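**Student:** Supplied structure: start_23.cif, mmCIF, C-alpha atoms.
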data_my_file
#
loop_
_atom_site.label_atom_id
_atom_site.label_comp_id
_atom_site.auth_asym_id
_atom_site.auth_seq_id
_atom_site.Cartn_x
_atom_site.Cartn_y
_atom_site.Cartn_z
CA MET B 1 63.46 -16.82 -15.87
CA ARG B 2 63.53 -13.43 -17.51
CA TRP B 3 60.77 -10.96 -16.71
CA PHE B 4 59.73 -7.65 -18.31
CA CYS B 5 56.79 -5.33 -17.70
CA CYS B 6 55.32 -2.09 -18.92
CA ARG B 7 52.37 -0.10 -17.62
CA ARG B 8 51.57 2.35 -20.39
CA ALA B 9 50.54 1.84 -24.01
CA GLU B 10 53.28 4.19 -25.23
CA GLU B 11 55.94 1.99 -23.56
CA LEU B 12 54.98 -1.14 -25.52
CA ASP B 13 57.00 -0.34 -28.64
CA HIS B 14 60.06 0.29 -26.47
CA LEU B 15 59.58 -3.07 -24.71
CA LEU B 16 59.39 -4.87 -28.05
CA ARG B 17 62.44 -3.09 -29.45
CA GLU B 18 64.46 -3.52 -26.26
CA HIS B 19 63.88 -7.24 -25.88
CA SER B 20 63.01 -8.49 -29.37
CA SER B 21 66.49 -9.94 -29.96
CA SER B 22 67.67 -10.67 -26.42
CA LEU B 23 64.58 -12.50 -25.17
CA ASP B 24 63.90 -16.08 -26.14
CA GLU B 25 60.36 -17.08 -27.00
CA PRO B 26 58.36 -16.23 -23.83
CA LEU B 27 56.10 -18.83 -22.33
CA PHE B 28 53.66 -16.33 -20.82
CA VAL B 29 52.36 -12.88 -21.77
CA GLN B 30 49.65 -11.12 -19.75
CA ILE B 31 47.81 -7.96 -20.80
CA ALA B 32 45.17 -5.85 -19.04
CA GLY B 33 43.64 -2.50 -19.92
CA ASN B 34 40.49 -0.40 -19.99
CA ASP B 35 40.46 0.34 -23.71
CA GLU B 36 39.58 -2.69 -25.81
CA ALA B 37 41.13 -1.26 -28.98
CA ALA B 38 44.44 -0.63 -27.19
CA VAL B 39 44.44 -4.14 -25.71
CA ARG B 40 43.69 -5.71 -29.09
CA HIS B 41 46.50 -3.67 -30.69
CA ALA B 42 48.96 -4.73 -27.98
CA ALA B 43 47.92 -8.38 -28.21
CA ALA B 44 48.40 -8.37 -31.99
CA ALA B 45 51.84 -6.75 -31.73
CA LEU B 46 53.01 -9.18 -29.06
CA ALA B 47 51.59 -12.17 -30.95
CA ARG B 48 53.49 -11.15 -34.08
CA ARG B 49 56.73 -10.99 -32.12
CA TRP B 50 56.17 -14.13 -30.01
CA PRO B 51 53.51 -16.25 -31.76
CA HIS B 52 53.91 -19.33 -29.55
CA ALA B 53 53.53 -17.66 -26.15
CA HIS B 54 50.60 -18.40 -23.87
CA MET B 55 48.99 -14.97 -24.11
CA VAL B 56 46.08 -14.09 -21.84
CA GLY B 57 44.40 -10.86 -20.93
CA MET B 58 41.39 -8.68 -20.35
CA ALA B 59 39.86 -5.47 -21.61
CA GLY B 60 37.16 -4.03 -19.40
CA PRO B 61 35.83 -1.20 -17.22
CA LEU B 62 38.11 -1.78 -14.25
CA PRO B 63 40.32 0.95 -12.73
CA MET B 64 44.03 0.51 -13.38
CA ALA B 65 46.43 1.15 -10.50
CA GLY B 66 48.75 4.15 -10.51
CA GLU B 67 49.19 5.81 -13.86
CA ALA B 68 48.87 2.56 -15.81
CA ASN B 69 46.62 2.47 -18.86
CA LEU B 70 47.92 -0.80 -20.31
CA ALA B 71 49.67 -3.37 -18.11
CA VAL B 72 51.84 -5.95 -19.86
CA GLY B 73 53.97 -8.70 -18.27
CA VAL B 74 56.27 -10.96 -20.29
CA ALA B 75 57.97 -14.05 -18.81
CA SER B 76 60.57 -16.28 -20.43
CA MET B 77 61.26 -19.49 -18.50
CA THR B 78 64.07 -21.99 -18.87
CA SER B 79 62.97 -25.05 -16.91
CA SER B 80 59.24 -24.56 -16.29
CA THR B 81 56.12 -25.04 -18.36
CA VAL B 82 53.02 -22.92 -18.85
CA SER B 83 49.68 -24.40 -19.90
CA SER B 84 46.45 -22.55 -20.71
CA LEU B 85 42.87 -23.49 -21.43
CA ALA B 86 39.92 -21.43 -22.67
CA LEU B 87 36.79 -22.17 -20.63
CA PRO B 88 33.47 -22.07 -22.53
CA ALA B 89 30.67 -20.07 -20.95
CA ASP B 90 28.22 -22.99 -20.90
CA GLU B 91 30.58 -25.08 -18.73
CA PHE B 92 30.27 -22.77 -15.71
CA ASP B 93 26.89 -24.22 -14.76
CA ARG B 94 28.71 -27.40 -13.67
CA PRO B 95 31.60 -26.34 -11.39
CA ASP B 96 32.52 -29.93 -10.56
CA GLY B 97 32.79 -30.91 -14.21
CA LEU B 98 34.65 -27.73 -15.14
CA ALA B 99 37.09 -28.26 -12.25
CA ALA B 100 37.77 -31.79 -13.49
CA LEU B 101 38.35 -30.46 -17.01
CA ILE B 102 40.85 -27.84 -15.76
CA ALA B 103 42.65 -30.34 -13.53
CA GLU B 104 43.06 -32.81 -16.38
CA ALA B 105 44.12 -30.23 -18.98
CA VAL B 106 46.51 -27.87 -17.19
CA VAL B 107 47.30 -29.11 -13.65
CA ARG B 108 50.33 -31.35 -13.10
CA HIS B 109 51.83 -32.95 -10.02
CA ASP B 110 54.40 -30.12 -9.83
CA THR B 111 52.07 -27.18 -10.57
CA THR B 112 53.00 -24.19 -8.43
CA LEU B 113 50.44 -21.61 -9.54
CA LEU B 114 47.03 -21.79 -11.20
CA LEU B 115 45.38 -18.59 -12.44
CA LEU B 116 41.67 -18.36 -13.28
CA PHE B 117 40.05 -15.41 -15.04
CA THR B 118 36.31 -15.25 -15.70
CA ASN B 119 33.46 -12.79 -16.17
CA HIS B 120 31.10 -15.35 -14.54
CA ARG B 121 31.61 -13.83 -11.11
CA SER B 122 29.06 -15.91 -9.21
CA ALA B 123 30.51 -19.15 -10.61
CA LEU B 124 34.08 -18.53 -9.47
CA PRO B 125 33.82 -19.49 -5.74
CA PRO B 126 32.21 -22.93 -6.37
CA LEU B 127 34.73 -23.58 -9.14
CA LEU B 128 37.65 -22.91 -6.78
CA ARG B 129 36.10 -25.10 -4.10
CA HIS B 130 35.95 -28.03 -6.53
CA LEU B 131 39.48 -27.59 -7.86
CA PRO B 132 42.01 -29.91 -6.21
CA LEU B 133 45.47 -28.83 -5.10
CA ALA B 134 48.13 -30.98 -6.76
CA ASN B 135 50.66 -30.45 -3.96
CA GLU B 136 51.12 -28.48 -0.75
CA ARG B 137 53.00 -25.68 -2.55
CA MET B 138 50.27 -24.99 -5.10
CA VAL B 139 48.27 -21.75 -4.97
CA ILE B 140 45.11 -20.93 -6.94
CA ILE B 141 44.28 -17.28 -7.71
CA GLY B 142 40.84 -16.52 -9.12
CA CYS B 143 40.00 -13.15 -10.68
CA ALA B 144 36.31 -12.34 -11.12
CA LEU B 145 35.90 -9.69 -13.81
CA SER B 146 33.00 -7.40 -14.61
CA GLU B 147 30.20 -8.43 -16.95
CA GLY B 148 31.44 -6.02 -19.61
CA SER B 149 34.95 -7.42 -19.69
CA VAL B 150 36.30 -9.17 -22.80
CA LEU B 151 38.84 -11.96 -22.25
CA PHE B 152 41.34 -13.40 -24.64
CA SER B 153 43.38 -16.60 -24.59
CA PRO B 154 45.73 -18.31 -27.06
CA ASP B 155 42.54 -19.68 -28.66
CA GLY B 156 41.09 -16.23 -29.34
CA TRP B 157 38.75 -13.66 -27.82
CA LEU B 158 35.96 -14.59 -25.40
CA GLU B 159 32.90 -12.43 -24.78
CA ARG B 160 31.80 -14.85 -22.06
CA GLY B 161 33.69 -17.62 -20.33
CA GLY B 162 37.07 -17.88 -18.70
CA ILE B 163 40.73 -18.82 -18.91
CA ALA B 164 42.88 -21.13 -16.80
CA VAL B 165 46.68 -20.79 -16.79
CA SER B 166 49.08 -23.03 -14.87
CA PHE B 167 52.79 -22.70 -14.07
CA SER B 168 54.57 -25.99 -13.37
CA GLY B 169 58.08 -27.29 -12.78
CA THR B 170 60.12 -29.00 -10.11
CA ALA B 171 62.48 -26.01 -9.97
CA LEU B 172 59.72 -23.39 -9.92
CA ARG B 173 59.12 -21.69 -6.59
CA GLY B 174 56.28 -19.34 -5.80
CA HIS B 175 55.40 -17.15 -2.85
CA CYS B 176 51.90 -15.69 -2.52
CA ALA B 177 50.81 -12.98 -0.09
CA ALA B 178 47.08 -12.21 -0.11
CA PRO B 179 45.85 -10.27 2.93
CA PHE B 180 42.23 -10.11 4.08
CA LEU B 181 41.92 -6.46 5.06
CA TRP B 182 38.21 -5.87 5.69
CA GLU B 183 37.29 -4.68 9.19
CA PRO B 184 33.73 -4.43 10.59
CA ILE B 185 32.34 -1.03 11.43
CA GLY B 186 29.13 0.16 13.07
CA LEU B 187 26.11 -1.75 14.28
CA ALA B 188 25.14 -5.33 13.52
CA PHE B 189 21.86 -5.88 11.63
CA SER B 190 19.72 -9.01 11.85
CA ILE B 191 18.67 -10.67 8.60
CA THR B 192 14.91 -11.00 9.08
CA LYS B 193 14.01 -12.08 5.54
CA SER B 194 16.24 -13.64 2.90
CA ARG B 195 16.53 -16.30 0.21
CA ASP B 196 19.66 -17.87 -1.22
CA GLN B 197 22.00 -14.96 -2.10
CA GLN B 198 19.51 -12.18 -1.50
CA ILE B 199 18.76 -10.13 1.63
CA ASP B 200 15.18 -8.84 1.58
CA GLU B 201 14.97 -7.29 5.05
CA LEU B 202 17.31 -6.18 7.81
CA ASN B 203 15.74 -5.58 11.24
CA GLY B 204 12.33 -5.84 9.56
CA GLN B 205 13.01 -3.09 7.00
CA LYS B 206 13.98 -3.17 3.33
CA ALA B 207 17.66 -3.98 3.08
CA SER B 208 18.23 -1.20 0.52
CA SER B 209 17.21 1.44 3.06
CA TYR B 210 20.26 0.59 5.18
CA LEU B 211 22.57 0.97 2.18
CA GLU B 212 21.10 4.38 1.38
CA ARG B 213 21.22 5.50 5.02
CA TYR B 214 24.78 4.43 5.81
CA LEU B 215 26.57 4.35 2.45
CA GLY B 216 24.65 6.86 0.34
CA LYS B 217 23.27 6.96 -3.18
CA GLU B 218 26.72 7.10 -4.83
CA PHE B 219 27.52 3.67 -3.40
CA THR B 220 24.55 2.01 -5.10
CA GLU B 221 25.23 3.85 -8.36
CA ARG B 222 28.77 2.41 -8.50
CA LEU B 223 27.77 -1.22 -7.90
CA PRO B 224 29.12 -3.86 -8.39
CA PHE B 225 32.57 -2.24 -8.02
CA SER B 226 31.75 -0.39 -4.78
CA GLY B 227 30.35 -3.60 -3.31
CA MET B 228 33.89 -4.78 -2.60
CA GLU B 229 34.76 -1.49 -0.87
CA PHE B 230 31.99 -1.86 1.73
CA PRO B 231 30.84 -5.51 1.80
CA PHE B 232 28.76 -7.13 4.49
CA LEU B 233 30.75 -9.11 7.04
CA ILE B 234 29.24 -12.07 8.84
CA GLU B 235 30.78 -14.31 11.49
CA ARG B 236 30.49 -18.04 10.86
CA ASN B 237 32.22 -20.78 12.80
CA GLY B 238 34.45 -18.27 14.54
CA ARG B 239 35.75 -16.49 11.42
CA ASP B 240 34.68 -13.49 9.38
CA VAL B 241 33.08 -14.20 6.02
CA CYS B 242 32.94 -11.48 3.39
CA LEU B 243 29.66 -11.01 1.47
CA PRO B 244 30.28 -8.52 -1.35
CA ILE B 245 27.20 -6.53 -2.34
CA VAL B 246 26.39 -7.18 -5.99
CA ALA B 247 23.22 -5.19 -6.74
CA VAL B 248 20.18 -3.43 -5.33
CA ASN B 249 16.94 -4.77 -6.78
CA GLN B 250 13.84 -2.73 -7.59
CA ASP B 251 11.88 -4.35 -4.75
CA GLY B 252 14.42 -3.06 -2.21
CA SER B 253 16.24 -6.36 -1.72
CA VAL B 254 20.03 -6.57 -1.90
CA ALA B 255 21.88 -9.26 -3.85
CA VAL B 256 25.14 -10.48 -2.30
CA ARG B 257 27.82 -12.90 -3.46
CA GLY B 258 27.31 -15.69 -0.93
CA HIS B 259 24.42 -17.49 0.73
CA VAL B 260 22.68 -15.95 3.75
CA HIS B 261 20.16 -17.24 6.29
CA ASN B 262 17.46 -15.67 8.44
CA GLY B 263 18.65 -14.82 11.93
CA GLU B 264 22.25 -14.17 10.96
CA LYS B 265 23.77 -10.81 11.80
CA VAL B 266 25.74 -8.72 9.33
CA ARG B 267 27.85 -5.60 9.65
CA PHE B 268 29.29 -3.29 7.07
CA ALA B 269 33.04 -3.66 6.56
CA TYR B 270 35.72 -1.44 5.09
CA ILE B 271 39.45 -1.44 4.43
CA HIS B 272 41.25 0.66 6.99
CA ALA B 273 43.83 2.76 5.15
CA ALA B 274 46.54 2.26 7.77
CA SER B 275 45.98 -1.51 7.74
CA LEU B 276 46.35 -1.50 3.96
CA TYR B 277 49.64 0.40 4.16
CA TRP B 278 51.24 -1.74 6.85
CA SER B 279 49.95 -5.01 5.37
CA ALA B 280 51.33 -4.07 1.95
CA ARG B 281 54.62 -3.08 3.54
CA ASP B 282 54.80 -6.44 5.32
CA VAL B 283 54.10 -8.17 2.00
CA ALA B 284 56.92 -6.21 0.38
CA MET B 285 59.32 -7.13 3.18
CA GLN B 286 58.38 -10.81 2.91
CA THR B 287 58.76 -10.68 -0.86
CA ALA B 288 62.17 -9.07 -0.56
CA LYS B 289 63.32 -12.05 1.49
CA GLN B 290 62.17 -14.55 -1.14
CA PRO B 291 64.09 -15.51 -4.28
CA ALA B 292 62.12 -13.67 -6.97
CA GLU B 293 62.65 -13.33 -10.70
CA GLY B 294 59.13 -12.23 -11.62
CA MET B 295 56.06 -10.87 -9.88
CA LEU B 296 52.31 -10.76 -10.53
CA LEU B 297 49.97 -8.37 -8.68
CA TYR B 298 46.21 -9.01 -8.84
CA TYR B 299 44.01 -6.49 -7.02
CA SER B 300 40.29 -6.19 -6.38
CA ALA B 301 37.88 -3.29 -6.81
CA ALA B 302 38.00 -2.92 -3.03
CA LEU B 303 41.18 -0.91 -3.58
CA GLY B 304 39.35 1.88 -5.32
CA GLY B 305 37.43 4.85 -3.98
CA TYR B 306 38.93 6.23 -0.79
CA THR B 307 41.89 3.78 -0.77
CA ARG B 308 42.87 4.43 -4.39
CA PRO B 309 45.58 7.07 -3.78
CA LEU B 310 47.24 4.85 -1.17
CA PHE B 311 47.12 1.75 -3.35
CA ASP B 312 48.59 3.70 -6.26
CA GLY B 313 51.67 4.15 -4.07
CA VAL B 314 51.67 0.43 -3.23
CA ALA B 315 51.54 -0.47 -6.92
CA ALA B 316 54.40 1.93 -7.62
CA ALA B 317 56.49 0.20 -4.95
CA PHE B 318 55.86 -3.14 -6.68
CA GLY B 319 57.49 -1.56 -9.70
CA GLN B 320 58.25 -4.68 -11.76
CA ALA B 321 55.03 -6.51 -10.97
CA ALA B 322 52.64 -7.30 -13.82
CA LEU B 323 49.38 -5.61 -12.78
CA PHE B 324 45.92 -7.08 -13.27
CA PRO B 325 42.65 -5.54 -11.96
CA ALA B 326 39.57 -7.55 -10.96
CA VAL B 327 36.23 -6.96 -9.32
CA GLU B 328 37.08 -9.70 -6.81
CA VAL B 329 40.24 -11.69 -6.08
CA LEU B 330 39.88 -15.14 -4.51
CA VAL B 331 42.68 -17.33 -3.14
CA LYS B 332 42.96 -21.02 -2.31
CA ASP B 333 46.01 -22.85 -0.96
CA ALA B 334 46.93 -25.71 1.34
CA TYR B 335 46.44 -23.59 4.46
CA THR B 336 43.17 -21.75 3.86
CA ALA B 337 39.89 -22.48 2.12
CA VAL B 338 38.60 -20.21 -0.65
CA ARG B 339 38.69 -16.63 0.61
CA PRO B 340 38.65 -13.12 -0.83
CA ALA B 341 41.77 -10.97 -0.73
CA ALA B 342 42.22 -7.25 -1.23
CA PHE B 343 45.17 -8.13 -3.46
CA ALA B 344 47.39 -11.09 -4.22
CA ALA B 345 51.12 -10.60 -4.84
CA ILE B 346 52.85 -13.65 -6.30
CA SER B 347 56.61 -13.84 -6.77
CA LEU B 348 58.11 -16.58 -8.95
CA ALA B 349 61.64 -17.94 -9.34
CA GLU B 350 63.15 -20.91 -11.16
CA THR B 351 66.53 -20.82 -9.46
CA ALA B 352 67.94 -20.13 -6.03
CA ALA B 353 68.03 -16.48 -7.01
CA SER B 354 69.21 -13.82 -4.64
CA ALA B 355 66.50 -12.03 -2.72
CA GLU B 356 67.97 -8.81 -4.10
CA SER B 357 65.81 -9.12 -7.19
CA GLY B 358 65.24 -5.46 -7.95
CA LEU B 359 61.50 -6.12 -8.38
CA LEU B 360 60.59 -3.67 -5.59
CA SER B 361 61.07 0.09 -5.51
CA PRO B 362 61.74 2.17 -2.38
CA TRP B 363 58.76 2.12 -0.05
CA SER B 364 56.81 5.33 0.53
CA SER B 365 56.28 6.93 3.93
CA PRO B 366 53.16 5.98 5.91
CA PRO B 367 50.08 8.12 5.29
CA GLU B 368 49.30 10.94 7.65
CA GLY B 369 46.02 11.27 9.46
#
Just give me the structure as structure tokens.
**Tutor:**
Amino acid sequence: MRWFCCRRAEELDHLLREHSSSLDEPLFVQIAGNDEAAVRHAAAALARRWPHAHMVGMAGPLPMAGEANLAVGVASMTSSTVSSLALPADEFDRPDGLAALIAEAVVRHDTTLLLLFTNHRSALPPLLRHLPLANERMVIIGCALSEGSVLFSPDGWLERGGIAVSFSGTALRGHCAAPFLWEPIGLAFSITKSRDQQIDELNGQKASSYLERYLGKEFTERLPFSGMEFPFLIERNGRDVCLPIVAVNQDGSVAVRGHVHNGEKVRFAYIHAASLYWSARDVAMQTAKQPAEGMLLYYSAALGGYTRPLFDGVAAAFGQAALFPAVEVLVKDAYTAVRPAAFAAISLAETAASAESGLLSPWSSPPEG
């Protein structure tokens, strides 16, 4: 496997010149950026150079990590296969049928990694729950994007829908680290009136009044992105379940991503900056011990706001990782059910490569205060 990345639009021409002759036809190209025109320009340039690559990407209003304005990752593989499938918007109403379609089209017995990108945020969790794991090594990463995001696949641009991409091969090895970093804070509130994925009242009062009182007006103005920074946390069956806040309705109710029931107790949750630093450092140390020839870094909108400066340093330390922002990152593997993650770092290797991969940069000092 050969792996190249760039994180700024002005670096793209250099990447193409540097590797146009030395790099065989890549199997996978990933692009993400805020500016749709810049993403379309990059996609066209890369498609001209490598017309047979499985090229996927997103243009949308999501914050890029560090100083990136256009994140590109290019992978050339020798003994593995990449498969991709565009997912029509009207198929997301039937998660079981869509899961069967994906499994038949792109999942093999030796699939190591399956990526899902969609701007149907509410449909992503049930889709992941229906998707089978082909083997105990397989990991599924789902990226829920904002409503205004535009996706593109080898089949063209998608205003609505999704993309599935699989990486398969008997020699392909993957390692995924995806920490759950939300910690509860403050008092617990009883859900006194609710329906489906909507909280009408907490402790007998309009749910929106608690958001305004504890999180402020700016929080509601930045929804749905801020909803991952301070989600509700609820304990079910002995484990914490994250309920991202999606919207505040005119009647004072609060829409969440996940079903709720009367009588349950919720608390606000946040990502503790020190926990983020040490968890990311642990991920880097684990990654450094794994054979790695390429790396993908998917991160949620939870790592914005007050944690943004710290995560910019984390992204810089994962210097050769292909970045991709999302509103929400979901993970499924053989050990855990579908769960949200603050970020997912996936390292890939086709050979028994040395752990000294050079994918990581020197780690920064811990934050003060």
**Student:** Rank B:Ala342, B:Leu297, B:Cys143, B:Ala188 by their smallest atom-to-atom distance to Gly73 in chain B, using only C-alpha atoms, and report the top residue only.
**Tutor:** B:Leu297
**Student:** Rounded to one decimal place, report the CA of Glu91 in chain B-CA of Leu124 in chain B distance in Å.
**Tutor:**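 Calculated distance between CA of Glu91 in chain B and CA of Leu124 in chain B is 11.9 Å.
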**Student:** Hey, what's within 12 Å of Arg129 in chain B if we count only C-alpha atoms and toss same-chain stuff fewer than 4 positions away? As a list in words, please?
**Tutor:**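 Contacts, with the query itself left out: Pro95, Asp96, Leu98, Ala99, Ala100, Ala123, Leu124, Pro125, Leu133, Ile140, Ile141, Gly142, Leu330, Val331, Lys332, Asp333, Thr336, Ala337, Val338 and Arg339 of chain B.
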**Student:** Please compute the CA of Ala59 in chain B-CA of Thr118 in chain B distance, one decimal, in Å.
**Tutor:**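 So the answer is 12.0 Å.
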**Student:** List as a list of chain:residue names the protein and nucleic acid residues near Leu87 in chain B, meaning an atom at most 6 Å away when only C-alpha atoms are counted, but skip any in the same chain fewer than 5 places from it.
**Tutor:**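 Here the qualifying residues turn out to be B:Gly161, B:Gly162, B:Ile163.
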**Student:** Produce a file of the selected residues containing C-alpha atoms, as a PDB file, in the frame of the given file.
**Tutor:**
ATOM      1  CA  GLY B 161      33.690 -17.620 -20.330  1.00  0.00           C
ATOM      2  CA  GLY B 162      37.070 -17.880 -18.700  1.00  0.00           C
ATOM      3  CA  ILE B 163      40.730 -18.820 -18.910  1.00  0.00           C
TER       4      ILE B 163
END
**Student:** Step by step, work through what the PyMOL selection byres ((chain B and resi 168-180) around 6) selects in the shown file, and finish by giving those residues as a list in words.
**Tutor:**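 Taken over the shown coordinates, the PyMOL selection byres ((chain B and resi 168-180) around 6) returns Ser80, Thr81, Asp110, Thr111, Thr112, Phe167, Leu181, Ala341, Phe343, Ala344, Ala345, Ile346, Ser347, Leu348, Ala349 and Glu350 of chain B.
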**Student:** Restricting the calculation to all atoms listed in the file, which member of B:Gly148, B:Val260, B:Asp200, B:His109 is positioned closest to Asn135 in chain B?
**Tutor:** B:His109
**Student:** Taking the file as I've supplied it (selection: the PyMOL selection byres ((chain B and resi 208) around 12)), which residues are included? Please answer as number ranges by chain.
**Tutor:** B: 198-207, 209-217, 219-220, 245, 247-256
**Student:** Run the PyMOL selection byres ((chain B and resi 26-40) around 7) against the file shown and list the residues it catches, as a compact mmCIF listing (two decimals) with C-alpha atoms, in the frame of the given file.
**Tutor:**
# COMPACT_ATOMS: atom_id res chain seq x y z
CA ASP B 24 63.90 -16.08 -26.14
CA GLU B 25 60.36 -17.08 -27.00
CA HIS B 41 46.50 -3.67 -30.69
CA ALA B 42 48.96 -4.73 -27.98
CA ALA B 43 47.92 -8.38 -28.21
CA ALA B 44 48.40 -8.37 -31.99
CA TRP B 50 56.17 -14.13 -30.01
CA ALA B 53 53.53 -17.66 -26.15
CA HIS B 54 50.60 -18.40 -23.87
CA MET B 55 48.99 -14.97 -24.11
CA VAL B 56 46.08 -14.09 -21.84
CA GLY B 57 44.40 -10.86 -20.93
CA MET B 58 41.39 -8.68 -20.35
CA ALA B 59 39.86 -5.47 -21.61
CA GLY B 60 37.16 -4.03 -19.40
CA PRO B 61 35.83 -1.20 -17.22
CA LEU B 62 38.11 -1.78 -14.25
CA ASN B 69 46.62 2.47 -18.86
CA LEU B 70 47.92 -0.80 -20.31
CA ALA B 71 49.67 -3.37 -18.11
CA VAL B 72 51.84 -5.95 -19.86
CA GLY B 73 53.97 -8.70 -18.27
CA VAL B 74 56.27 -10.96 -20.29
CA ALA B 75 57.97 -14.05 -18.81
CA SER B 76 60.57 -16.28 -20.43
CA MET B 77 61.26 -19.49 -18.50
CA VAL B 82 53.02 -22.92 -18.85
CA PHE B 324 45.92 -7.08 -13.27
**Student:** What would the list of residues within 8 Å of (38.4, -8.1, -4.6) (file frame) look like as a PyMOL selection string, if all atoms listed in the file are what count?
**Tutor:** chain B and resi 228+299-303+326-330+340-343
**Student:** Tell me, in Å to one decimal, how far CA of Arg48 in chain B is from CA of Met1 in chain B.
**Tutor:** 21.5 Å
**Student:** Looking at all atoms listed in the file, which of B:Tyr270, B:Tyr306, B:Phe92, B:Trp157 is the one that sits closest to Pro126 in chain B?
**Tutor:**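 The shortest atom-to-atom distance to Pro126 in chain B comes from B:Phe92.
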**Student:** Determine the nearest neighbour of Cys242 in chain B from the options B:His14, B:Arg2, B:Arg7, B:Arg267, counting only C-alpha atoms.
**Tutor:**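 Counting only C-alpha atoms, the residue closest to Cys242 in chain B is B:Arg267.
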**Student:** Between B:Cys6, B:Ala144, B:Leu12, B:Leu85, which one has atoms that come closest to Gln320 in chain B, using all atoms listed in the file?
**Tutor:**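 Checking each candidate against Gln320 in chain B, we get B:Cys6 as the closest.
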**Student:** Which residue out of B:Leu101, B:Val246, B:Leu128, B:Leu187 has the minimum interatomic distance to Gly227 in chain B when all atoms listed in the file are used?
**Tutor:**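 Ranking B:Leu101, B:Val246, B:Leu128, B:Leu187 by distance to Gly227 in chain B, first place goes to B:Val246.
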**Student:** Mind dumping range 214-226 of chain B from that block, keeping N, CA, C and O atoms, as a PDB file, in the first residue's frame?
**Tutor:**
ATOM      1  N   TYR B 214     -29.155  26.361  30.984  1.00  0.00           N
ATOM      2  CA  TYR B 214     -27.857  25.770  31.262  1.00  0.00           C
ATOM      3  C   TYR B 214     -26.847  25.918  30.118  1.00  0.00           C
ATOM      4  O   TYR B 214     -25.640  25.938  30.368  1.00  0.00           O
ATOM      5  N   LEU B 215     -27.321  25.994  28.887  1.00  0.00           N
ATOM      6  CA  LEU B 215     -26.398  26.023  27.750  1.00  0.00           C
ATOM      7  C   LEU B 215     -26.406  27.342  26.993  1.00  0.00           C
ATOM      8  O   LEU B 215     -25.484  27.610  26.222  1.00  0.00           O
ATOM      9  N   GLY B 216     -27.442  28.156  27.176  1.00  0.00           N
ATOM     10  CA  GLY B 216     -27.465  29.476  26.575  1.00  0.00           C
ATOM     11  C   GLY B 216     -28.041  29.508  25.166  1.00  0.00           C
ATOM     12  O   GLY B 216     -28.216  28.480  24.506  1.00  0.00           O
ATOM     13  N   LYS B 217     -28.308  30.729  24.716  1.00  0.00           N
ATOM     14  CA  LYS B 217     -28.933  30.929  23.407  1.00  0.00           C
ATOM     15  C   LYS B 217     -28.009  30.522  22.263  1.00  0.00           C
ATOM     16  O   LYS B 217     -28.446  30.007  21.239  1.00  0.00           O
ATOM     17  N   GLU B 218     -26.695  30.733  22.433  1.00  0.00           N
ATOM     18  CA  GLU B 218     -25.744  30.408  21.362  1.00  0.00           C
ATOM     19  C   GLU B 218     -25.791  28.923  21.035  1.00  0.00           C
ATOM     20  O   GLU B 218     -25.637  28.531  19.869  1.00  0.00           O
ATOM     21  N   PHE B 219     -26.003  28.098  22.059  1.00  0.00           N
ATOM     22  CA  PHE B 219     -26.072  26.655  21.834  1.00  0.00           C
ATOM     23  C   PHE B 219     -27.200  26.309  20.863  1.00  0.00           C
ATOM     24  O   PHE B 219     -26.999  25.555  19.903  1.00  0.00           O
ATOM     25  N   THR B 220     -28.397  26.847  21.102  1.00  0.00           N
ATOM     26  CA  THR B 220     -29.523  26.526  20.236  1.00  0.00           C
ATOM     27  C   THR B 220     -29.340  27.105  18.841  1.00  0.00           C
ATOM     28  O   THR B 220     -29.787  26.513  17.858  1.00  0.00           O
ATOM     29  N   GLU B 221     -28.666  28.237  18.741  1.00  0.00           N
ATOM     30  CA  GLU B 221     -28.446  28.852  17.425  1.00  0.00           C
ATOM     31  C   GLU B 221     -27.491  28.025  16.574  1.00  0.00           C
ATOM     32  O   GLU B 221     -27.537  28.107  15.344  1.00  0.00           O
ATOM     33  N   ARG B 222     -26.605  27.239  17.209  1.00  0.00           N
ATOM     34  CA  ARG B 222     -25.622  26.461  16.455  1.00  0.00           C
ATOM     35  C   ARG B 222     -26.058  25.011  16.220  1.00  0.00           C
ATOM     36  O   ARG B 222     -25.275  24.219  15.704  1.00  0.00           O
ATOM     37  N   LEU B 223     -27.266  24.661  16.603  1.00  0.00           N
ATOM     38  CA  LEU B 223     -27.751  23.309  16.335  1.00  0.00           C
ATOM     39  C   LEU B 223     -27.857  23.084  14.829  1.00  0.00           C
ATOM     40  O   LEU B 223     -28.127  24.012  14.081  1.00  0.00           O
ATOM     41  N   PRO B 224     -27.622  21.862  14.311  1.00  0.00           N
ATOM     42  CA  PRO B 224     -27.411  20.612  15.062  1.00  0.00           C
ATOM     43  C   PRO B 224     -25.973  20.340  15.463  1.00  0.00           C
ATOM     44  O   PRO B 224     -25.695  19.381  16.166  1.00  0.00           O
ATOM     45  N   PHE B 225     -25.007  21.198  15.026  1.00  0.00           N
ATOM     46  CA  PHE B 225     -23.598  20.902  15.302  1.00  0.00           C
ATOM     47  C   PHE B 225     -23.298  20.915  16.801  1.00  0.00           C
ATOM     48  O   PHE B 225     -22.607  20.042  17.306  1.00  0.00           O
ATOM     49  N   SER B 226     -23.840  21.900  17.530  1.00  0.00           N
ATOM     50  CA  SER B 226     -23.561  21.992  18.965  1.00  0.00           C
ATOM     51  C   SER B 226     -24.214  20.865  19.741  1.00  0.00           C
ATOM     52  O   SER B 226     -23.825  20.594  20.883  1.00  0.00           O
TER      53      SER B 226
END
